[in-house]
Amino acid sequence: MIMIKVKINGQEQDWDGDPELPLLWFIRDEVGLTGTKFGCGHALCGSCTVIVDKQAARACITSVSDVRGREVTTIEGLHPTGDHPVQKAWRQLNVPQCGFCQTGQIMQAAALLMDNPKPSHDQIRESLSGNICRCGCYQRIENAVHLASTGV
Amino acid sequence: MNILTYPSKLRGFEKHIKIENVSRRSILKSLGLAGGFVLAAPVMTRTAFAYETGASQMPHGTVVNPRVFVSIAPDGIVTIVAHRAEMGTGVRTSLPMIVAEELEADWKRVRVQQAHGDEVTFGNQDTDGSRSTRHYLIPMRQIGASARTMLEQAAAKRWGVPAAEVKAVNHEVVHSASGRKLGFGELAADAAKQPVPSVEGLKLKDSKDFRYLGKGEIGIVDLHDITTGAARYGADVRLPSMKYAVIARPPVTGGKVVSFEGSEAMKVSGVEKVIEVKGWPWPSKFQPLGGVAVIARNTGAAIKGRDALKIRWDDGPNAKYDSVAYRAELEAAARKPGLVVRKEGDVEAALKGADKVIVGEYYLPHLAHVAMEPPAAVADVKGDKAEIWAPVQSPGGTREDVAKTLGIPQENVTVNVTLLGGGFGRKSKCDFALEAALLSKELGAPVKVQWTREDDIRNGFLHTVSVERIEAGLDKSGKVIAWRHRSVAPSIASTFAAQTVHQAPFELGMGLVDMPFEIANVQCENPEAAAHTRIGWFRSVSNIPRAFAVQSMVAEIAQATNRDQKDMLLELIGPPRILNLTSVKDLWNYGEPYGSYPIDTGRLRKVVELVADKGGWGRSVPKGHGLGIAAHRSFVSYIATIVEVAVDEKGKLTVPRVDTAIDCGTYVNPERIQSQIEGTAIMGLSLAKHGAITFKDGKVQQGNYDDFPVIRIDESPGVTNVYIVPAGPDTPPSGVGEPGVPPFAPALTNAIFAATGKRIRALPIGKQLEA
C-alpha cells in the first residue's frame, strides 16, 4: 500500500489503507473526529461538509487520495474555542433542534463567508441548498448566516 | 380478529391498549358523575394545577423522587437527570429546567445528566406521543420542590430555627430574620440526610414567581457542543477494538437469506468478516429483519464490502406488494361500507335526502422518516452482560428487548442514550440496537452497526398508506347535514399481528372519530386493509391523512357554497362546547383522561380566530398567490395554520409565508415551541410537495434524498410566524412536537386552490401543478 499524507486541522495524518476510502470514514473512523456526520453517502445532504483548501467539500464522495497533501478543516478545527462568527451566530439565534446536520451547515456557511463576506439572502439560500435539515431549522439558519456576515 | 389476544410483549402496542381502556373508563366516570363532562377528581391535589394525566398508565408510570433525579455537589453544582431522549424538541433542557425552577437553582450552576434506560428507577422513558411535558410538568415540579424543601429543612436545623422561617432563593437558603445565608453546596450533605417530603404536603411556587418556566430565555443545554462538533450521537461512540458493521437486509419485508457468497467482499481492503445475522419471521415487531453482515475496520470498508456480496433471497409473502395496485384496492374498499366506528343520526338517509352531496377522496402514500442521522448503535456484549449506546426514543423498551433477544437478565443490560439525530417515531423501534447486540455477542467484540440512508428508507417502519373518503350532504341553505368519512389504511398493529385488517383505536382516534364538527348525521367507517410492509409511528401519525381529508373537504364545501374558507370552518366547528362522543366505543384521546383533556371546540375556534387575525386572513395577495387555512386538534393541542402560496405560470410552487397559532395549554419553553412549529412547517411542506415511498415487486423504489426529496432551504417558506395562546392557570399542558404537522398540507393545498383553482386530492403534489 502507498502511504497518503493529509493535513487535518493542521495535523498531519497518514493512511496506508484503501486510497479510495471516502474521506468521511477516514476522518470519523480512522482519525476519530466525529463532528463530521454521515447522512446520505452521495453528496445529497451536506452533513459531511468539510473545508478543503478554503472550499466546502462533501467528505462522503471525496476519497482520501483526492486530498493527498491538502489541508482539510473539520468542524473541530474551524475555531480553537468554537467562536467562529458562524458558530456564535448559531448560538445567538438558537438555531439547532436535533443538531445532527448543523456542523455541516456551519462548515458550508463558513466557506460561503470566506468567499463572499456579505451574501444576500438569496445567495445564502443558494449556497446552503445542498445541506438538508430534516428538523427544518432553515429560517434560523438563513438568519444566522446573515447575522454572522454582519458581525456578532 | 381480536388484537387483544395477540402477543403480550409488544411494548409500544401494549401500552396503547392499556391507555384506551383507561381513557374509556375516564369518560364513563365523568359521565356518571354529572351526566355531562366535568373535570375528573385529580389524583395529585395541587392548588395551582388540578388535573389528571395518563402518565400513570404508561409502562412503569412516573417516579417522583428527588434522590433519583437531583444531586448537589459540595461546590454547589446541581446535577439534574434528564430521563427522556433528546431528538430535537429540547426536552433534555425543558424537563431539568422545570426541576431547577422549583428547586430555586441558578441555571448557570445546573448540569444535565442523561439517564440510561431504567424505567424501574426513572419511570417511563418512552419519548413519543408528544407526551414529555404534559406528563412530567407536575412530577418535575414536585421533584424540584421536594429537593428544595430538603435544603430548607437542613438549613433550618443547622440554624435552630423553624423551617417556615427559611426560604430557598437562587441557589442559597436564607433566613431573612437574621440575615443568614447558606449556599446549596454547603447544605448538600445535610439535605441528603433529610427525609423526602410527602408529595401531598409540598408547596409549589406561584407561577408569578417563575424565573424560567414560560419565559423561553434559556438556550438548549447542548447548544455549544452542537456548534463545535462535540455533541455525541449514536454513531459517534467509539470503543477500543470496536468493529464496524453494515448489514444487507432482505429487500422485501418478510424475506430471508437463501444463500450468500462473501468471497468478493472479503477481498475488499479493510473487510474482516462476513456473517449471517439472525432475522425474525414476518411480522417481526421490533426485532431485526436478518441478513448478511460485513465486519470491517471502518464503515467505508464495510459498505464497500457489502456492495460486493452476492445474496440469494427468498422474498416471502410480500413479494407482490405494488403501490399502484394497492392504491386501487384501498380506493375500492373506501367506496364500500366498512366497520362503523362512530355513528350519530342516520347518515344514509340524510345523504339521500340532501340537496347536494360533495365527495372527496384523498390519498396519501407511505412516507419515510429520514431523520438526518440514519439508525446506528454500538454494543459490547461480554458473557451474560451487555452494554449498548444508541439513539433510542425508548431506552427502557430497548433494555427489555436486548435482554430478551440475548436471553440475559434485564439487570445485566445497560442502555446508554446518546443524542438522537432526529427521531420522528423511527427510533421508537430499537431493531438496530438489537442487531448490534447480536453481532457483538457473536464476534466477542464491541460492534457498531451503521445503517446507510438506503437501509433507512428501504428497511424502515413506514408511515401508513391511506385513502380517506368523505361524503358531505348539504341542505338547500348550504348547511352540512350529513358527514360520512371512511378511512382505509394498514394499521401499525400489523407490525405485531399480520392478520390485522382494521386500524386500532389509537389510530381511529387521530382525526377520524374525534372529528369536532357540529353535524346532525355523522358516520365514520373503517373498511379493511392488510399490510405488506412494516408500518410504524411517523410524527403525528394518522392525523396527517385525516387532517388533509377533513380540512380539504371544508374548503371544498366552502367553494361549493361560495363561502369564505375560514367562515366555513368556524361554522362547521360550531359554538364553543365540549364534545360528548357517546357512539365511539374506544375514544383514545391520546391516552389522556377526557375530564382533563376534553375536545373543546371553543379552543379550536380560538386558534382559528387568532391565526386569522395575526396571519392577516383575507388580505389581498398578488396574482398567482393564494391563502389557505386549516385547523386540527391532535395530541390534545389545538392548532391552526394559514399558508400563502405562489404558483407561477409553469406551475412552480413557492411558499412566501406561513402563520400558525397553537394552544398547547400551560407551556414551559415557548422558544422551543416556536422552533418545533417552524420545523413542522418544513416537514409538512416536504410531505405535501415531495413525499412518496412506493413499492414494486415488494421492494421500495426509493433509496436516498434524490428520489425521496425533502424540503431544502431554497424551497423553504419565506417566513414562518408562530403565535402561542397564553394558557389559563389551570389549563393542563398538551403536545407540541407533533401537532404542527397535520394542518400544514391541507392549508397548503387549500391555498393552491385559491391561487389556481386546482384541487389537490392526492399527495404528494409532485408535478400535478405542471399539468
# chains A, B, ... in the order shown; residues from 1 in each chain; ligands from 1

call {"tool": "residues_around", "arguments": {"residues": "Tyr638 in chain B", "least_positions_apart": "5", "cutoff": "6 Å", "atoms": "only C-alpha atoms", "output": "list in words"}}
result
Leu604, Arg633, Ile662 and Asp663 of chain B

call {"tool": "write_last_selection", "arguments": {"atoms": "N, CA and C atoms", "output": "PDB file, in the first residue's frame"}}
result
ATOM      1  N   LEU B 604     -60.578  25.266  19.785  1.00  0.00           N
ATOM      2  CA  LEU B 604     -60.297  25.134  18.353  1.00  0.00           C
ATOM      3  C   LEU B 604     -60.681  26.417  17.614  1.00  0.00           C
ATOM      4  N   ARG B 633     -57.099  19.382  15.934  1.00  0.00           N
ATOM      5  CA  ARG B 633     -56.714  19.046  17.306  1.00  0.00           C
ATOM      6  C   ARG B 633     -55.964  17.728  17.262  1.00  0.00           C
ATOM      7  N   ILE B 662     -50.953  28.091  18.021  1.00  0.00           N
ATOM      8  CA  ILE B 662     -51.077  26.844  18.780  1.00  0.00           C
ATOM      9  C   ILE B 662     -51.549  27.140  20.199  1.00  0.00           C
ATOM     10  N   ASP B 663     -52.484  26.296  20.646  1.00  0.00           N
ATOM     11  CA  ASP B 663     -52.899  26.311  22.049  1.00  0.00           C
ATOM     12  C   ASP B 663     -52.471  24.966  22.621  1.00  0.00           C
TER      13      ASP B 663
END

call {"tool": "select_by_dssp", "arguments": {"residues": "chain A", "states": "alpha helix (DSSP H)", "output": "PyMOL selection string"}}
result
chain A and resi 23-25+85-92+102-115+121-127+138-150

call {"tool": "write_last_selection", "arguments": {"atoms": "C-alpha atoms", "output": "PDB file, in the first residue's frame"}}
result
ATOM      1  CA  LEU A  23     -12.598  10.963   3.434  1.00  0.00           C
ATOM      2  CA  LEU A  24     -15.676  10.904   5.689  1.00  0.00           C
ATOM      3  CA  TRP A  25     -14.843   7.449   7.059  1.00  0.00           C
ATOM      4  CA  PRO A  85     -18.686  34.144  13.850  1.00  0.00           C
ATOM      5  CA  VAL A  86     -20.915  31.490  12.297  1.00  0.00           C
ATOM      6  CA  GLN A  87     -20.788  29.360  15.448  1.00  0.00           C
ATOM      7  CA  LYS A  88     -21.537  32.388  17.614  1.00  0.00           C
ATOM      8  CA  ALA A  89     -24.435  33.480  15.410  1.00  0.00           C
ATOM      9  CA  TRP A  90     -25.798  29.918  15.541  1.00  0.00           C
ATOM     10  CA  ARG A  91     -25.873  30.052  19.330  1.00  0.00           C
ATOM     11  CA  GLN A  92     -27.259  33.557  19.458  1.00  0.00           C
ATOM     12  CA  GLN A 102     -25.623  21.556  11.993  1.00  0.00           C
ATOM     13  CA  THR A 103     -21.882  21.003  11.764  1.00  0.00           C
ATOM     14  CA  GLY A 104     -22.230  20.524   8.024  1.00  0.00           C
ATOM     15  CA  GLN A 105     -24.420  23.619   7.776  1.00  0.00           C
ATOM     16  CA  ILE A 106     -21.896  25.642   9.766  1.00  0.00           C
ATOM     17  CA  MET A 107     -18.967  24.494   7.607  1.00  0.00           C
ATOM     18  CA  GLN A 108     -20.893  25.346   4.432  1.00  0.00           C
ATOM     19  CA  ALA A 109     -21.783  28.784   5.852  1.00  0.00           C
ATOM     20  CA  ALA A 110     -18.179  29.404   6.926  1.00  0.00           C
ATOM     21  CA  ALA A 111     -16.965  28.524   3.411  1.00  0.00           C
ATOM     22  CA  LEU A 112     -19.561  30.856   1.908  1.00  0.00           C
ATOM     23  CA  LEU A 113     -18.444  33.772   4.073  1.00  0.00           C
ATOM     24  CA  MET A 114     -14.782  33.182   3.169  1.00  0.00           C
ATOM     25  CA  ASP A 115     -15.739  33.559  -0.462  1.00  0.00           C
ATOM     26  CA  HIS A 121     -30.475  36.214   1.483  1.00  0.00           C
ATOM     27  CA  ASP A 122     -30.818  34.643  -1.970  1.00  0.00           C
ATOM     28  CA  GLN A 123     -27.107  33.863  -2.045  1.00  0.00           C
ATOM     29  CA  ILE A 124     -27.351  32.281   1.412  1.00  0.00           C
ATOM     30  CA  ARG A 125     -30.237  30.125   0.251  1.00  0.00           C
ATOM     31  CA  GLU A 126     -28.400  29.107  -2.872  1.00  0.00           C
ATOM     32  CA  SER A 127     -25.160  28.313  -1.097  1.00  0.00           C
ATOM     33  CA  TYR A 138     -33.916  26.800   7.766  1.00  0.00           C
ATOM     34  CA  GLN A 139     -35.416  30.124   8.840  1.00  0.00           C
ATOM     35  CA  ARG A 140     -32.909  30.368  11.670  1.00  0.00           C
ATOM     36  CA  ILE A 141     -30.039  29.061   9.556  1.00  0.00           C
ATOM     37  CA  GLU A 142     -30.660  31.778   6.993  1.00  0.00           C
ATOM     38  CA  ASN A 143     -30.882  34.442   9.686  1.00  0.00           C
ATOM     39  CA  ALA A 144     -27.774  33.150  11.474  1.00  0.00           C
ATOM     40  CA  VAL A 145     -25.632  33.252   8.331  1.00  0.00           C
ATOM     41  CA  HIS A 146     -26.850  36.775   7.744  1.00  0.00           C
ATOM     42  CA  LEU A 147     -26.060  37.699  11.349  1.00  0.00           C
ATOM     43  CA  ALA A 148     -22.578  36.171  11.085  1.00  0.00           C
ATOM     44  CA  SER A 149     -21.947  38.255   7.966  1.00  0.00           C
ATOM     45  CA  THR A 150     -22.889  41.466   9.734  1.00  0.00           C
TER      46      THR A 150
END

call {"tool": "residues_around", "arguments": {"residues": "Phe260 in chain B", "least_positions_apart": "6", "cutoff": "9 Å", "atoms": "only C-alpha atoms", "output": "ChimeraX atom specification"}}
result
/B:276,292,309-313

call {"tool": "write_last_selection", "arguments": {"atoms": "N, CA and C atoms", "output": "compact mmCIF listing (two decimals), in the first residue's frame"}}
result
# COMPACT_ATOMS: atom_id res chain seq x y z
N GLU B 276 -23.82 -14.23 8.68
CA GLU B 276 -25.28 -14.09 8.60
C GLU B 276 -25.81 -13.56 9.94
N VAL B 292 -27.17 -10.34 5.96
CA VAL B 292 -25.76 -10.69 5.96
C VAL B 292 -24.95 -9.46 6.37
N LEU B 309 -21.17 -8.30 -1.98
CA LEU B 309 -21.84 -9.54 -1.58
C LEU B 309 -22.73 -10.06 -2.69
N LYS B 310 -22.84 -11.38 -2.76
CA LYS B 310 -23.85 -11.97 -3.64
C LYS B 310 -24.80 -12.76 -2.75
N ILE B 311 -26.07 -12.34 -2.75
CA ILE B 311 -27.04 -12.97 -1.85
C ILE B 311 -28.26 -13.42 -2.65
N ARG B 312 -28.71 -14.64 -2.36
CA ARG B 312 -29.97 -15.10 -2.94
C ARG B 312 -31.03 -15.00 -1.85
N TRP B 313 -32.10 -14.27 -2.16
CA TRP B 313 -33.15 -14.03 -1.18
C TRP B 313 -34.40 -14.83 -1.49

call {"tool": "residues_around", "arguments": {"residues": "Val67 in chain A", "least_positions_apart": "2", "cutoff": "12 Å", "atoms": "only C-alpha atoms", "output": "PyMOL selection string"}}
result
chain A and resi 4-8+12-15+19-24+26-27+50-53+57-59+61-65+69-73

call {"tool": "atom_distance", "arguments": {"atom1": "CA of Ala771 in chain B", "atom2": "CA of Lys758 in chain B"}}
result
10.4 Å

call {"tool": "residues_around", "arguments": {"residues": "Arg539 in chain B", "least_positions_apart": "4", "cutoff": "10 Å", "atoms": "only C-alpha atoms", "output": "MDAnalysis selection string"}}
result
chainID B and resid 128:130 369 423:426 463 543:544 680 683 737:742

call {"tool": "write_last_selection", "arguments": {"atoms": "N, CA and C atoms", "output": "PDB file, in the first residue's frame"}}
result
ATOM      1  N   ASP B 128     -42.197   9.778  23.094  1.00  0.00           N
ATOM      2  CA  ASP B 128     -43.049   9.728  21.902  1.00  0.00           C
ATOM      3  C   ASP B 128     -44.423  10.278  22.272  1.00  0.00           C
ATOM      4  N   GLY B 129     -45.262  10.408  21.259  1.00  0.00           N
ATOM      5  CA  GLY B 129     -46.638  10.828  21.513  1.00  0.00           C
ATOM      6  C   GLY B 129     -46.767  12.260  22.041  1.00  0.00           C
ATOM      7  N   SER B 130     -45.722  13.074  21.850  1.00  0.00           N
ATOM      8  CA  SER B 130     -45.755  14.471  22.325  1.00  0.00           C
ATOM      9  C   SER B 130     -46.165  14.537  23.793  1.00  0.00           C
ATOM     10  N   HIS B 369     -39.182   8.351   7.483  1.00  0.00           N
ATOM     11  CA  HIS B 369     -38.821   9.401   8.448  1.00  0.00           C
ATOM     12  C   HIS B 369     -37.601  10.197   7.997  1.00  0.00           C
ATOM     13  N   GLY B 423     -35.693  11.830  15.305  1.00  0.00           N
ATOM     14  CA  GLY B 423     -36.332  10.554  15.641  1.00  0.00           C
ATOM     15  C   GLY B 423     -37.608  10.378  14.832  1.00  0.00           C
ATOM     16  N   PHE B 424     -38.580  11.255  15.065  1.00  0.00           N
ATOM     17  CA  PHE B 424     -39.846  11.293  14.320  1.00  0.00           C
ATOM     18  C   PHE B 424     -40.622   9.976  14.403  1.00  0.00           C
ATOM     19  N   GLY B 425     -40.331   9.162  15.403  1.00  0.00           N
ATOM     20  CA  GLY B 425     -41.021   7.882  15.564  1.00  0.00           C
ATOM     21  C   GLY B 425     -40.174   6.697  15.123  1.00  0.00           C
ATOM     22  N   ARG B 426     -39.236   6.897  14.203  1.00  0.00           N
ATOM     23  CA  ARG B 426     -38.421   5.775  13.731  1.00  0.00           C
ATOM     24  C   ARG B 426     -37.623   5.148  14.869  1.00  0.00           C
ATOM     25  N   HIS B 463     -44.552   5.244   7.473  1.00  0.00           N
ATOM     26  CA  HIS B 463     -45.886   5.790   7.700  1.00  0.00           C
ATOM     27  C   HIS B 463     -46.846   5.024   6.795  1.00  0.00           C
ATOM     28  N   ASN B 543     -52.994  11.431  11.992  1.00  0.00           N
ATOM     29  CA  ASN B 543     -53.514  12.794  11.862  1.00  0.00           C
ATOM     30  C   ASN B 543     -53.155  13.414  10.515  1.00  0.00           C
ATOM     31  N   ILE B 544     -52.071  12.946   9.897  1.00  0.00           N
ATOM     32  CA  ILE B 544     -51.660  13.571   8.629  1.00  0.00           C
ATOM     33  C   ILE B 544     -52.725  13.360   7.554  1.00  0.00           C
ATOM     34  N   THR B 680     -42.166  21.982  11.873  1.00  0.00           N
ATOM     35  CA  THR B 680     -43.274  21.181  11.331  1.00  0.00           C
ATOM     36  C   THR B 680     -43.790  21.782  10.026  1.00  0.00           C
ATOM     37  N   MET B 683     -41.553  20.076   7.599  1.00  0.00           N
ATOM     38  CA  MET B 683     -41.909  18.662   7.419  1.00  0.00           C
ATOM     39  C   MET B 683     -43.240  18.535   6.684  1.00  0.00           C
ATOM     40  N   GLY B 737     -44.587  18.561  19.936  1.00  0.00           N
ATOM     41  CA  GLY B 737     -43.688  18.014  18.918  1.00  0.00           C
ATOM     42  C   GLY B 737     -44.374  17.612  17.625  1.00  0.00           C
ATOM     43  N   GLU B 738     -45.601  17.156  17.716  1.00  0.00           N
ATOM     44  CA  GLU B 738     -46.275  16.622  16.531  1.00  0.00           C
ATOM     45  C   GLU B 738     -47.402  17.469  15.952  1.00  0.00           C
ATOM     46  N   PRO B 739     -48.172  18.203  16.774  1.00  0.00           N
ATOM     47  CA  PRO B 739     -49.403  18.829  16.255  1.00  0.00           C
ATOM     48  C   PRO B 739     -49.218  19.789  15.085  1.00  0.00           C
ATOM     49  N   GLY B 740     -48.025  20.318  14.887  1.00  0.00           N
ATOM     50  CA  GLY B 740     -47.827  21.255  13.788  1.00  0.00           C
ATOM     51  C   GLY B 740     -47.901  20.616  12.411  1.00  0.00           C
ATOM     52  N   VAL B 741     -47.647  19.316  12.323  1.00  0.00           N
ATOM     53  CA  VAL B 741     -47.596  18.671  11.004  1.00  0.00           C
ATOM     54  C   VAL B 741     -48.972  18.588  10.326  1.00  0.00           C
ATOM     55  N   PRO B 742     -50.021  18.044  11.012  1.00  0.00           N
ATOM     56  CA  PRO B 742     -51.269  17.743  10.286  1.00  0.00           C
ATOM     57  C   PRO B 742     -51.920  18.899   9.529  1.00  0.00           C
TER      58      PRO B 742
END

call {"tool": "residues_around", "arguments": {"residues": "range 393-405 of chain B", "least_positions_apart": "4", "cutoff": "10 Å", "atoms": "only C-alpha atoms", "output": "PyMOL selection string"}}
result
chain B and resi 9-12+59-60+83-87+115-120+122-128+286-288+384-389+409-417+419-420+422-431+433-438

call {"tool": "atom_distance", "arguments": {"atom1": "CA of Leu763 in chain B", "atom2": "CA of Leu610 in chain B"}}
result
28.1 Å

call {"tool": "select_by_dssp", "arguments": {"residues": "range 160-283 of chain B", "states": "strand (DSSP E)", "output": "PyMOL selection string"}}
result
chain B and resi 166-169+172-175+180-183+243-248+256-261+271-277

call {"tool": "write_last_selection", "arguments": {"atoms": "C-alpha atoms", "output": "tab-separated table (two decimals), in the first residue's frame"}}
result
chain	number	residue	atom	x	y	z
B	166	VAL	CA	-36.22	29.94	55.87
B	167	LYS	CA	-36.55	30.14	52.12
B	168	ALA	CA	-34.52	28.94	49.17
B	169	VAL	CA	-33.70	31.77	46.78
B	172	GLU	CA	-28.96	29.52	48.54
B	173	VAL	CA	-31.19	29.25	51.58
B	174	VAL	CA	-31.77	32.44	53.50
B	175	HIS	CA	-33.09	33.25	56.96
B	180	ARG	CA	-28.01	34.36	57.46
B	181	LYS	CA	-27.42	32.53	54.18
B	182	LEU	CA	-26.07	29.13	53.17
B	183	GLY	CA	-25.29	28.02	49.62
B	243	LYS	CA	-15.61	-3.44	14.80
B	244	TYR	CA	-17.68	-1.64	12.17
B	245	ALA	CA	-20.63	-3.43	10.60
B	246	VAL	CA	-23.17	-2.83	7.87
B	247	ILE	CA	-25.88	-5.35	7.06
B	248	ALA	CA	-27.55	-6.37	3.81
B	256	LYS	CA	-34.92	-14.13	4.16
B	257	VAL	CA	-31.48	-15.24	3.05
B	258	VAL	CA	-31.39	-18.45	1.00
B	259	SER	CA	-27.63	-18.44	0.40
B	260	PHE	CA	-24.79	-15.99	0.09
B	261	GLU	CA	-21.30	-15.69	-1.29
B	271	VAL	CA	-13.05	-6.15	5.47
B	272	GLU	CA	-12.54	-8.73	8.19
B	273	LYS	CA	-15.57	-10.98	8.20
B	274	VAL	CA	-18.88	-11.79	6.54
B	275	ILE	CA	-21.57	-13.41	8.68
B	276	GLU	CA	-25.28	-14.09	8.60
B	277	VAL	CA	-27.47	-12.16	11.04

call {"tool": "residues_around", "arguments": {"residues": "Ile760 in chain B", "least_positions_apart": "4", "cutoff": "9 Å", "atoms": "only C-alpha atoms", "output": "list in words"}}
result
Tyr362, Ser552, Thr749, Asn750, Ile752, Phe753, Pro764, Ile765, Gln768 and Leu769 of chain B

call {"tool": "write_last_selection", "arguments": {"atoms": "C-alpha atoms", "output": "tab-separated table (two decimals), in the first residue's frame"}}
result
chain	number	residue	atom	x	y	z
B	362	TYR	CA	-57.91	11.79	-0.59
B	552	SER	CA	-59.66	19.87	2.35
B	749	THR	CA	-53.48	22.68	-0.90
B	750	ASN	CA	-56.37	24.98	0.05
B	752	ILE	CA	-53.13	26.28	-4.07
B	753	PHE	CA	-56.82	26.06	-4.89
B	764	PRO	CA	-47.57	14.47	-2.94
B	765	ILE	CA	-48.22	17.45	-5.21
B	768	GLN	CA	-49.61	17.94	-10.57
B	769	LEU	CA	-49.46	21.73	-10.92

call {"tool": "atom_distance", "arguments": {"atom1": "CA of Asp206 in chain B", "atom2": "CA of Glu102 in chain B"}}
result
9.7 Å

call {"tool": "decode", "arguments": {"residues": "range 99-114 of chain B", "atoms": "N, CA and C atoms", "output": "PDB file, in the first residue's frame"}}
result
ATOM      1  N   VAL B  99     -37.404  21.295  37.019  1.00  0.00           N
ATOM      2  CA  VAL B  99     -36.868  20.939  38.338  1.00  0.00           C
ATOM      3  C   VAL B  99     -36.113  22.140  38.922  1.00  0.00           C
ATOM      4  N   ALA B 100     -35.267  22.762  38.092  1.00  0.00           N
ATOM      5  CA  ALA B 100     -34.459  23.898  38.556  1.00  0.00           C
ATOM      6  C   ALA B 100     -35.341  25.049  39.022  1.00  0.00           C
ATOM      7  N   GLU B 101     -36.450  25.243  38.326  1.00  0.00           N
ATOM      8  CA  GLU B 101     -37.369  26.320  38.705  1.00  0.00           C
ATOM      9  C   GLU B 101     -37.856  26.136  40.135  1.00  0.00           C
ATOM     10  N   GLU B 102     -38.405  24.959  40.411  1.00  0.00           N
ATOM     11  CA  GLU B 102     -38.961  24.699  41.751  1.00  0.00           C
ATOM     12  C   GLU B 102     -37.860  24.602  42.802  1.00  0.00           C
ATOM     13  N   LEU B 103     -36.702  24.132  42.373  1.00  0.00           N
ATOM     14  CA  LEU B 103     -35.581  23.976  43.306  1.00  0.00           C
ATOM     15  C   LEU B 103     -34.979  25.327  43.675  1.00  0.00           C
ATOM     16  N   GLU B 104     -35.308  26.362  42.926  1.00  0.00           N
ATOM     17  CA  GLU B 104     -34.668  27.678  43.092  1.00  0.00           C
ATOM     18  C   GLU B 104     -33.182  27.597  42.750  1.00  0.00           C
ATOM     19  N   ALA B 105     -32.851  26.672  41.839  1.00  0.00           N
ATOM     20  CA  ALA B 105     -31.451  26.555  41.422  1.00  0.00           C
ATOM     21  C   ALA B 105     -31.148  27.631  40.387  1.00  0.00           C
ATOM     22  N   ASP B 106     -29.892  28.054  40.372  1.00  0.00           N
ATOM     23  CA  ASP B 106     -29.429  29.001  39.369  1.00  0.00           C
ATOM     24  C   ASP B 106     -29.011  28.173  38.143  1.00  0.00           C
ATOM     25  N   TRP B 107     -29.671  28.407  37.018  1.00  0.00           N
ATOM     26  CA  TRP B 107     -29.469  27.556  35.845  1.00  0.00           C
ATOM     27  C   TRP B 107     -27.996  27.479  35.432  1.00  0.00           C
ATOM     28  N   LYS B 108     -27.245  28.541  35.697  1.00  0.00           N
ATOM     29  CA  LYS B 108     -25.819  28.530  35.319  1.00  0.00           C
ATOM     30  C   LYS B 108     -25.040  27.491  36.117  1.00  0.00           C
ATOM     31  N   ARG B 109     -25.561  27.120  37.256  1.00  0.00           N
ATOM     32  CA  ARG B 109     -24.879  26.124  38.081  1.00  0.00           C
ATOM     33  C   ARG B 109     -25.597  24.770  38.032  1.00  0.00           C
ATOM     34  N   VAL B 110     -26.358  24.557  36.959  1.00  0.00           N
ATOM     35  CA  VAL B 110     -27.044  23.280  36.766  1.00  0.00           C
ATOM     36  C   VAL B 110     -26.361  22.503  35.651  1.00  0.00           C
ATOM     37  N   ARG B 111     -26.146  21.218  35.868  1.00  0.00           N
ATOM     38  CA  ARG B 111     -25.650  20.326  34.823  1.00  0.00           C
ATOM     39  C   ARG B 111     -26.725  19.268  34.566  1.00  0.00           C
ATOM     40  N   VAL B 112     -26.817  18.842  33.332  1.00  0.00           N
ATOM     41  CA  VAL B 112     -27.818  17.835  32.993  1.00  0.00           C
ATOM     42  C   VAL B 112     -27.121  16.513  32.702  1.00  0.00           C
ATOM     43  N   GLN B 113     -27.630  15.461  33.323  1.00  0.00           N
ATOM     44  CA  GLN B 113     -27.057  14.137  33.111  1.00  0.00           C
ATOM     45  C   GLN B 113     -28.106  13.252  32.448  1.00  0.00           C
ATOM     46  N   GLN B 114     -27.720  12.587  31.379  1.00  0.00           N
ATOM     47  CA  GLN B 114     -28.675  11.746  30.668  1.00  0.00           C
ATOM     48  C   GLN B 114     -28.853  10.415  31.398  1.00  0.00           C
TER      49      GLN B 114
END
